[in-house]
There are 6 protein chains.
Amino acid sequence: MKVSVYRKAHFNAAHRLHVADWSDEKNKSVFGKCNMPNYHGHNYVMEVKLTGDIDPQTGYVMDLGILKSIMEAEVIERYDHRNLNLDVPDFKNLNPTVENIAVTIFNRLREKIDEQLALGLRLYETERNFVDIEE
Amino acid sequence: MKVSVYRKAHFNAAHRLHVADWSDEKNKSVFGKCNMPNYHGHNYVMEVKLTGDIDPQTGYVMDLGILKSIMEAEVIERYDHRNLNLDVPDFKNLNPTVENIAVTIFNRLREKIDEQLALGLRLYETERNFVDIEE
Amino acid sequence: MKVSVYRKAHFNAAHRLHVADWSDEKNKSVFGKCNMPNYHGHNYVMEVKLTGDIDPQTGYVMDLGILKSIMEAEVIERYDHRNLNLDVPDFKNLNPTVENIAVTIFNRLREKIDEQLALGLRLYETERNFVDIEE
Amino acid sequence: MKVSVYRKAHFNAAHRLHVADWSDEKNKSVFGKCNMPNYHGHNYVMEVKLTGDIDPQTGYVMDLGILKSIMEAEVIERYDHRNLNLDVPDFKNLNPTVENIAVTIFNRLREKIDEQLALGLRLYETERNFVDIEE
Amino acid sequence: MKVSVYRKAHFNAAHRLHVADWSDEKNKSVFGKCNMPNYHGHNYVMEVKLTGDIDPQTGYVMDLGILKSIMEAEVIERYDHRNLNLDVPDFKNLNPTVENIAVTIFNRLREKIDEQLALGLRLYETERNFVDIEE
Amino acid sequence: MKVSVYRKAHFNAAHRLHVADWSDEKNKSVFGKCNMPNYHGHNYVMEVKLTGDIDPQTGYVMDLGILKSIMEAEVIERYDHRNLNLDVPDFKNLNPTVENIAVTIFNRLREKIDEQLALGLRLYETERNFVDIEE
């Protein structure tokens, strides 16, 4: 039996999709309105998933209060109310698509979460567009 | 690391559950109110899931704008505001349960989506009843 | 201070928008895909609102369990898993727009609810289209 | 009996709260992280409410397809995927708080909607923060 | 034009419906399973609504960050993770129906909110049962 | 192709997190406000997932009406409007964390569901904290 626990959080950020090596025409043609020069933004919602054994004493896979603190320190403090392209070094050379943002968050969390726990991540850019990462 | 992108769409349709080979009594006994003769309907919500590699240049698994167009051409244009039993040839000889509708949509989309991408599908008939398909 | 209590329920039904006195061309031009001949359908969600005084003993404006029974007898039993145009006499001569369905439900409930309580009704046809009635 | 119809739409935009006449210190002290210099953003959701009589022939208060087109032309086309402070003249001299954005949308729609219909507007900046306007 | 701003918060609490002056039989007959002796519980969601003028400088009806602090101090700190019947003096002699909880929260907030602002409150006991208060 | 069907239900219950073998200090330090002595509560939402073949005649993986009855008999009847610690023997010696409640529900359902069908379960304690079980 495989047990996973989930914890949700959110951050609000501005971004634009843009590849520095490409011409403006190519950027506009590939990314459309997501390439608008002065940025737009989203209410991002992230769900972190941890899979592992239930501790027989506490009944926890992991204390979700501790997970919440890690999510705040690693992600919310860095991304919330920021411009991902301009303010967040993670995206200095990386196009902030929802896929790339998710991988970046995944890697940040992976370093802080016990290796015994498998990590998964869902990131919503809108209610209609979202991404899952599993290892 | 396995990355999946999702895109959501919806269509509104009428249907009834009915097996042509069975008597009216058997149909009524198996399908209950879902067998009512003059049809009822639902706001169907579909979530398409594509699993694959992130393109290192665009940062996309797939351009969700293109996926949206495929979903509209293959599913919404055919099913939206239709009677699935009467208007949609897919269900001429197939009982339109949420399972069968999902398999049919899955097969339609599978033909149009790059074979490198694994396809998944979730279809909600109501908020309480839904189906997932994975390959 | 004005206190209102709310109770939610849902029903799934088929319908089409069609005015019998009009030509097919006019119906199609005014109602578009909602006029499709073989019906489509929705997961309707209704919220009933009752405004009145809190009973000082029970602490209730009205027992929501009793309200639930009235909603089931008056609305769900008649409309759920039905074709509104064909199966429900209320719409024999009335176009089942979300506005008209809401007024009809309102009138049915008004007869069964204590006159001391003001009645309101919200009816969702989809998450994006809905109607409120206040008296 | 008062009948209102509602239609929902959404747009994604960047903004920051900032009063040009104030010092940077005062802006930061009043608006906190909402004043961050490089903008952040939101998935805005708007619900338009029209109150009026049901047309006895069509059964509509207003054709919501026409309302949808007005909302797209007046709001979505101007605000979606924009930076409200930099790209939208409406906010050249007006701080884009959710209150001010809502009033501005209300005024734009009021000019295009039949005067017989009372107009209302709800605007969500996030699921937790939102605004209503009634006339 | 009337402008209202809203802020949402939540608390998780146990309660039972019980009138001390009544016999156990009467309590059981009136309140049914809500009268179960050892309590049950809910994820309560509250939406506070403030109606007033937009400050021409800030663009705020009220700073929602300040409102959030008032809601936390007056409601969340007192009710969250509590047994309303046993731990909260407000309900020592008052049956904690959703109506009575809402009135009590309303009165607590009314004392702390500027009199120039009209106060409203919505309290969800479940997604299906909720209450509104307007003054 | 793997097909899964889902059915949702809910129950409202009180609980507290507490390990009988530990001191009060340790309980308070590990479980914080979830250890409050007089209980708090939640609106629990459960989603049952069954994976198997579609019956070629009915078009069902399983009749969700039958699944609904099993969920009601095995879970809702036992847990709804109960105090999990005091009223439910399942948790007499088991700390009712969302993980442990989910495992207990999973085991109850596993006994009643056809062995040909793989069982999964999601249990929401709040919208922000939830658990998945897969076999």
# chains A, B, ... in the order shown; residues from 1 in each chain; ligands from 1
>>> interface_residues(of="chain B", to="chain A", cutoff="8 Å", atoms="only C-alpha atoms", output="ChimeraX atom specification")
/B:1-9,54,57-61,64
>>> calpha_fit_and_write(fixed="chain D", moving="chain E", output="PDB file with C-alpha atoms, in the first residue's frame")
ATOM      1  CA  MET E   1     -39.864  39.480  -8.535  1.00  0.00           C
ATOM      2  CA  LYS E   2     -36.355  40.639  -9.523  1.00  0.00           C
ATOM      3  CA  VAL E   3     -34.401  38.489 -11.969  1.00  0.00           C
ATOM      4  CA  SER E   4     -30.650  38.778 -12.570  1.00  0.00           C
ATOM      5  CA  VAL E   5     -28.487  36.897 -15.053  1.00  0.00           C
ATOM      6  CA  TYR E   6     -24.753  36.396 -14.636  1.00  0.00           C
ATOM      7  CA  ARG E   7     -21.873  35.710 -16.977  1.00  0.00           C
ATOM      8  CA  LYS E   8     -18.301  34.898 -15.933  1.00  0.00           C
ATOM      9  CA  ALA E   9     -14.997  35.599 -17.726  1.00  0.00           C
ATOM     10  CA  HIS E  10     -11.341  35.850 -16.772  1.00  0.00           C
ATOM     11  CA  PHE E  11      -8.145  37.655 -17.659  1.00  0.00           C
ATOM     12  CA  ASN E  12      -4.541  37.355 -16.517  1.00  0.00           C
ATOM     13  CA  ALA E  13      -2.642  40.559 -15.853  1.00  0.00           C
ATOM     14  CA  ALA E  14       0.342  42.076 -14.048  1.00  0.00           C
ATOM     15  CA  HIS E  15       0.065  45.088 -11.754  1.00  0.00           C
ATOM     16  CA  ARG E  16       1.570  46.839  -8.752  1.00  0.00           C
ATOM     17  CA  LEU E  17      -0.028  49.202  -6.250  1.00  0.00           C
ATOM     18  CA  HIS E  18       1.710  52.563  -6.311  1.00  0.00           C
ATOM     19  CA  VAL E  19       0.673  56.183  -5.796  1.00  0.00           C
ATOM     20  CA  ALA E  20       2.864  58.472  -7.899  1.00  0.00           C
ATOM     21  CA  ASP E  21       2.507  61.443  -5.522  1.00  0.00           C
ATOM     22  CA  TRP E  22       3.896  59.515  -2.584  1.00  0.00           C
ATOM     23  CA  SER E  23       7.475  58.757  -1.590  1.00  0.00           C
ATOM     24  CA  ASP E  24       8.793  55.243  -2.063  1.00  0.00           C
ATOM     25  CA  GLU E  25       8.782  54.815   1.718  1.00  0.00           C
ATOM     26  CA  LYS E  26       5.128  55.730   2.020  1.00  0.00           C
ATOM     27  CA  ASN E  27       4.184  53.471  -0.907  1.00  0.00           C
ATOM     28  CA  LYS E  28       6.039  50.572   0.651  1.00  0.00           C
ATOM     29  CA  SER E  29       4.571  51.193   4.074  1.00  0.00           C
ATOM     30  CA  VAL E  30       0.968  51.387   2.797  1.00  0.00           C
ATOM     31  CA  PHE E  31       1.013  48.728   0.076  1.00  0.00           C
ATOM     32  CA  GLY E  32       3.680  46.316   1.364  1.00  0.00           C
ATOM     33  CA  LYS E  33       4.569  43.514  -1.031  1.00  0.00           C
ATOM     34  CA  CYS E  34       1.849  44.712  -3.470  1.00  0.00           C
ATOM     35  CA  ASN E  35       4.187  47.650  -4.163  1.00  0.00           C
ATOM     36  CA  MET E  36       7.119  45.487  -5.339  1.00  0.00           C
ATOM     37  CA  PRO E  37       8.746  47.496  -8.175  1.00  0.00           C
ATOM     38  CA  ASN E  38       8.753  44.898 -10.957  1.00  0.00           C
ATOM     39  CA  TYR E  39       5.080  43.924 -10.694  1.00  0.00           C
ATOM     40  CA  HIS E  40       3.315  40.706  -9.769  1.00  0.00           C
ATOM     41  CA  GLY E  41       0.087  39.354 -11.230  1.00  0.00           C
ATOM     42  CA  HIS E  42      -3.249  37.644 -10.886  1.00  0.00           C
ATOM     43  CA  ASN E  43      -5.819  35.480 -12.629  1.00  0.00           C
ATOM     44  CA  TYR E  44      -8.709  37.928 -12.403  1.00  0.00           C
ATOM     45  CA  VAL E  45     -12.237  36.491 -12.587  1.00  0.00           C
ATOM     46  CA  MET E  46     -15.162  38.788 -13.347  1.00  0.00           C
ATOM     47  CA  GLU E  47     -18.879  38.069 -12.991  1.00  0.00           C
ATOM     48  CA  VAL E  48     -21.240  40.489 -14.712  1.00  0.00           C
ATOM     49  CA  LYS E  49     -24.800  40.716 -13.339  1.00  0.00           C
ATOM     50  CA  LEU E  50     -27.749  42.178 -15.247  1.00  0.00           C
ATOM     51  CA  THR E  51     -31.085  42.735 -13.550  1.00  0.00           C
ATOM     52  CA  GLY E  52     -34.241  43.284 -15.573  1.00  0.00           C
ATOM     53  CA  ASP E  53     -37.374  41.757 -17.015  1.00  0.00           C
ATOM     54  CA  ILE E  54     -37.526  38.431 -18.767  1.00  0.00           C
ATOM     55  CA  ASP E  55     -38.479  38.913 -22.420  1.00  0.00           C
ATOM     56  CA  PRO E  56     -41.756  36.974 -22.684  1.00  0.00           C
ATOM     57  CA  GLN E  57     -40.846  35.624 -26.124  1.00  0.00           C
ATOM     58  CA  THR E  58     -37.221  34.573 -25.816  1.00  0.00           C
ATOM     59  CA  GLY E  59     -37.229  33.842 -22.102  1.00  0.00           C
ATOM     60  CA  TYR E  60     -33.989  35.850 -21.814  1.00  0.00           C
ATOM     61  CA  VAL E  61     -33.179  38.860 -19.633  1.00  0.00           C
ATOM     62  CA  MET E  62     -30.383  39.351 -22.145  1.00  0.00           C
ATOM     63  CA  ASP E  63     -28.737  37.029 -24.647  1.00  0.00           C
ATOM     64  CA  LEU E  64     -25.643  35.953 -22.687  1.00  0.00           C
ATOM     65  CA  GLY E  65     -23.810  35.309 -25.959  1.00  0.00           C
ATOM     66  CA  ILE E  66     -24.101  39.027 -26.763  1.00  0.00           C
ATOM     67  CA  LEU E  67     -23.039  39.921 -23.215  1.00  0.00           C
ATOM     68  CA  LYS E  68     -20.024  37.647 -23.629  1.00  0.00           C
ATOM     69  CA  SER E  69     -18.991  39.529 -26.795  1.00  0.00           C
ATOM     70  CA  ILE E  70     -19.297  42.885 -25.027  1.00  0.00           C
ATOM     71  CA  MET E  71     -17.197  41.625 -22.118  1.00  0.00           C
ATOM     72  CA  GLU E  72     -14.550  40.381 -24.519  1.00  0.00           C
ATOM     73  CA  ALA E  73     -14.422  43.582 -26.561  1.00  0.00           C
ATOM     74  CA  GLU E  74     -14.515  45.982 -23.620  1.00  0.00           C
ATOM     75  CA  VAL E  75     -12.438  44.135 -21.014  1.00  0.00           C
ATOM     76  CA  ILE E  76     -10.643  40.978 -22.120  1.00  0.00           C
ATOM     77  CA  GLU E  77      -9.214  42.504 -25.292  1.00  0.00           C
ATOM     78  CA  ARG E  78      -7.862  45.471 -23.317  1.00  0.00           C
ATOM     79  CA  TYR E  79      -6.672  43.857 -20.073  1.00  0.00           C
ATOM     80  CA  ASP E  80      -5.777  40.216 -20.763  1.00  0.00           C
ATOM     81  CA  HIS E  81      -2.059  39.435 -20.759  1.00  0.00           C
ATOM     82  CA  ARG E  82      -1.330  43.117 -20.097  1.00  0.00           C
ATOM     83  CA  ASN E  83       0.529  45.055 -17.443  1.00  0.00           C
ATOM     84  CA  LEU E  84      -2.290  47.186 -16.049  1.00  0.00           C
ATOM     85  CA  ASN E  85       0.035  49.991 -14.914  1.00  0.00           C
ATOM     86  CA  LEU E  86       2.060  50.225 -18.130  1.00  0.00           C
ATOM     87  CA  ASP E  87      -0.159  48.984 -20.937  1.00  0.00           C
ATOM     88  CA  VAL E  88      -3.673  50.113 -20.011  1.00  0.00           C
ATOM     89  CA  PRO E  89      -4.428  53.856 -20.253  1.00  0.00           C
ATOM     90  CA  ASP E  90      -7.303  53.431 -17.737  1.00  0.00           C
ATOM     91  CA  PHE E  91      -4.707  53.105 -14.977  1.00  0.00           C
ATOM     92  CA  LYS E  92      -2.263  55.750 -16.091  1.00  0.00           C
ATOM     93  CA  ASN E  93      -3.330  57.964 -13.203  1.00  0.00           C
ATOM     94  CA  LEU E  94      -5.342  55.478 -11.178  1.00  0.00           C
ATOM     95  CA  ASN E  95      -3.903  52.964  -8.717  1.00  0.00           C
ATOM     96  CA  PRO E  96      -5.007  49.480  -9.979  1.00  0.00           C
ATOM     97  CA  THR E  97      -6.445  48.169  -6.708  1.00  0.00           C
ATOM     98  CA  VAL E  98      -9.143  45.556  -7.184  1.00  0.00           C
ATOM     99  CA  GLU E  99     -11.673  48.249  -6.242  1.00  0.00           C
ATOM    100  CA  ASN E 100     -10.456  50.647  -8.931  1.00  0.00           C
ATOM    101  CA  ILE E 101     -10.197  47.939 -11.585  1.00  0.00           C
ATOM    102  CA  ALA E 102     -13.776  46.924 -10.811  1.00  0.00           C
ATOM    103  CA  VAL E 103     -15.101  50.489 -11.046  1.00  0.00           C
ATOM    104  CA  THR E 104     -13.305  50.975 -14.344  1.00  0.00           C
ATOM    105  CA  ILE E 105     -14.731  47.779 -15.806  1.00  0.00           C
ATOM    106  CA  PHE E 106     -18.171  48.723 -14.494  1.00  0.00           C
ATOM    107  CA  ASN E 107     -18.021  52.089 -16.243  1.00  0.00           C
ATOM    108  CA  ARG E 108     -16.847  50.555 -19.508  1.00  0.00           C
ATOM    109  CA  LEU E 109     -19.673  48.000 -19.481  1.00  0.00           C
ATOM    110  CA  ARG E 110     -22.314  50.519 -18.360  1.00  0.00           C
ATOM    111  CA  GLU E 111     -21.869  52.429 -21.627  1.00  0.00           C
ATOM    112  CA  LYS E 112     -22.536  49.325 -23.713  1.00  0.00           C
ATOM    113  CA  ILE E 113     -25.407  47.720 -21.800  1.00  0.00           C
ATOM    114  CA  ASP E 114     -29.056  48.686 -22.312  1.00  0.00           C
ATOM    115  CA  GLU E 115     -30.040  51.290 -19.686  1.00  0.00           C
ATOM    116  CA  GLN E 116     -33.130  49.262 -18.809  1.00  0.00           C
ATOM    117  CA  LEU E 117     -30.863  46.681 -17.219  1.00  0.00           C
ATOM    118  CA  ALA E 118     -29.276  47.342 -13.831  1.00  0.00           C
ATOM    119  CA  LEU E 119     -25.604  46.380 -13.870  1.00  0.00           C
ATOM    120  CA  GLY E 120     -23.586  44.691 -11.151  1.00  0.00           C
ATOM    121  CA  LEU E 121     -20.036  43.380 -11.152  1.00  0.00           C
ATOM    122  CA  ARG E 122     -17.954  41.046  -9.015  1.00  0.00           C
ATOM    123  CA  LEU E 123     -14.192  40.952  -9.553  1.00  0.00           C
ATOM    124  CA  TYR E 124     -11.953  38.350  -7.917  1.00  0.00           C
ATOM    125  CA  GLU E 125      -8.249  39.228  -7.556  1.00  0.00           C
ATOM    126  CA  THR E 126      -7.721  35.940  -5.739  1.00  0.00           C
ATOM    127  CA  GLU E 127     -10.189  33.437  -4.303  1.00  0.00           C
ATOM    128  CA  ARG E 128      -9.763  35.220  -0.957  1.00  0.00           C
ATOM    129  CA  ASN E 129      -9.969  38.901  -2.051  1.00  0.00           C
ATOM    130  CA  PHE E 130     -12.777  40.245  -4.175  1.00  0.00           C
ATOM    131  CA  VAL E 131     -15.069  43.187  -4.821  1.00  0.00           C
ATOM    132  CA  ASP E 132     -18.743  43.763  -5.691  1.00  0.00           C
ATOM    133  CA  ILE E 133     -20.242  46.802  -7.369  1.00  0.00           C
ATOM    134  CA  GLU E 134     -23.956  47.534  -7.437  1.00  0.00           C
ATOM    135  CA  GLU E 135     -25.704  50.615  -8.776  1.00  0.00           C
TER     136      GLU E 135
END
>>> select_by_dssp(residues="chain B", states="strand (DSSP E or B)", output="PyMOL selection string")
chain B and resi 2-15+40-52+82-83+118-124+129-134
>>> select_by_dssp(residues="range 8-119 of chain B", states="helix (DSSP H, G or I)", output="number ranges by chain")
B: 24-35, 64-79, 84-87, 89-91, 98-112
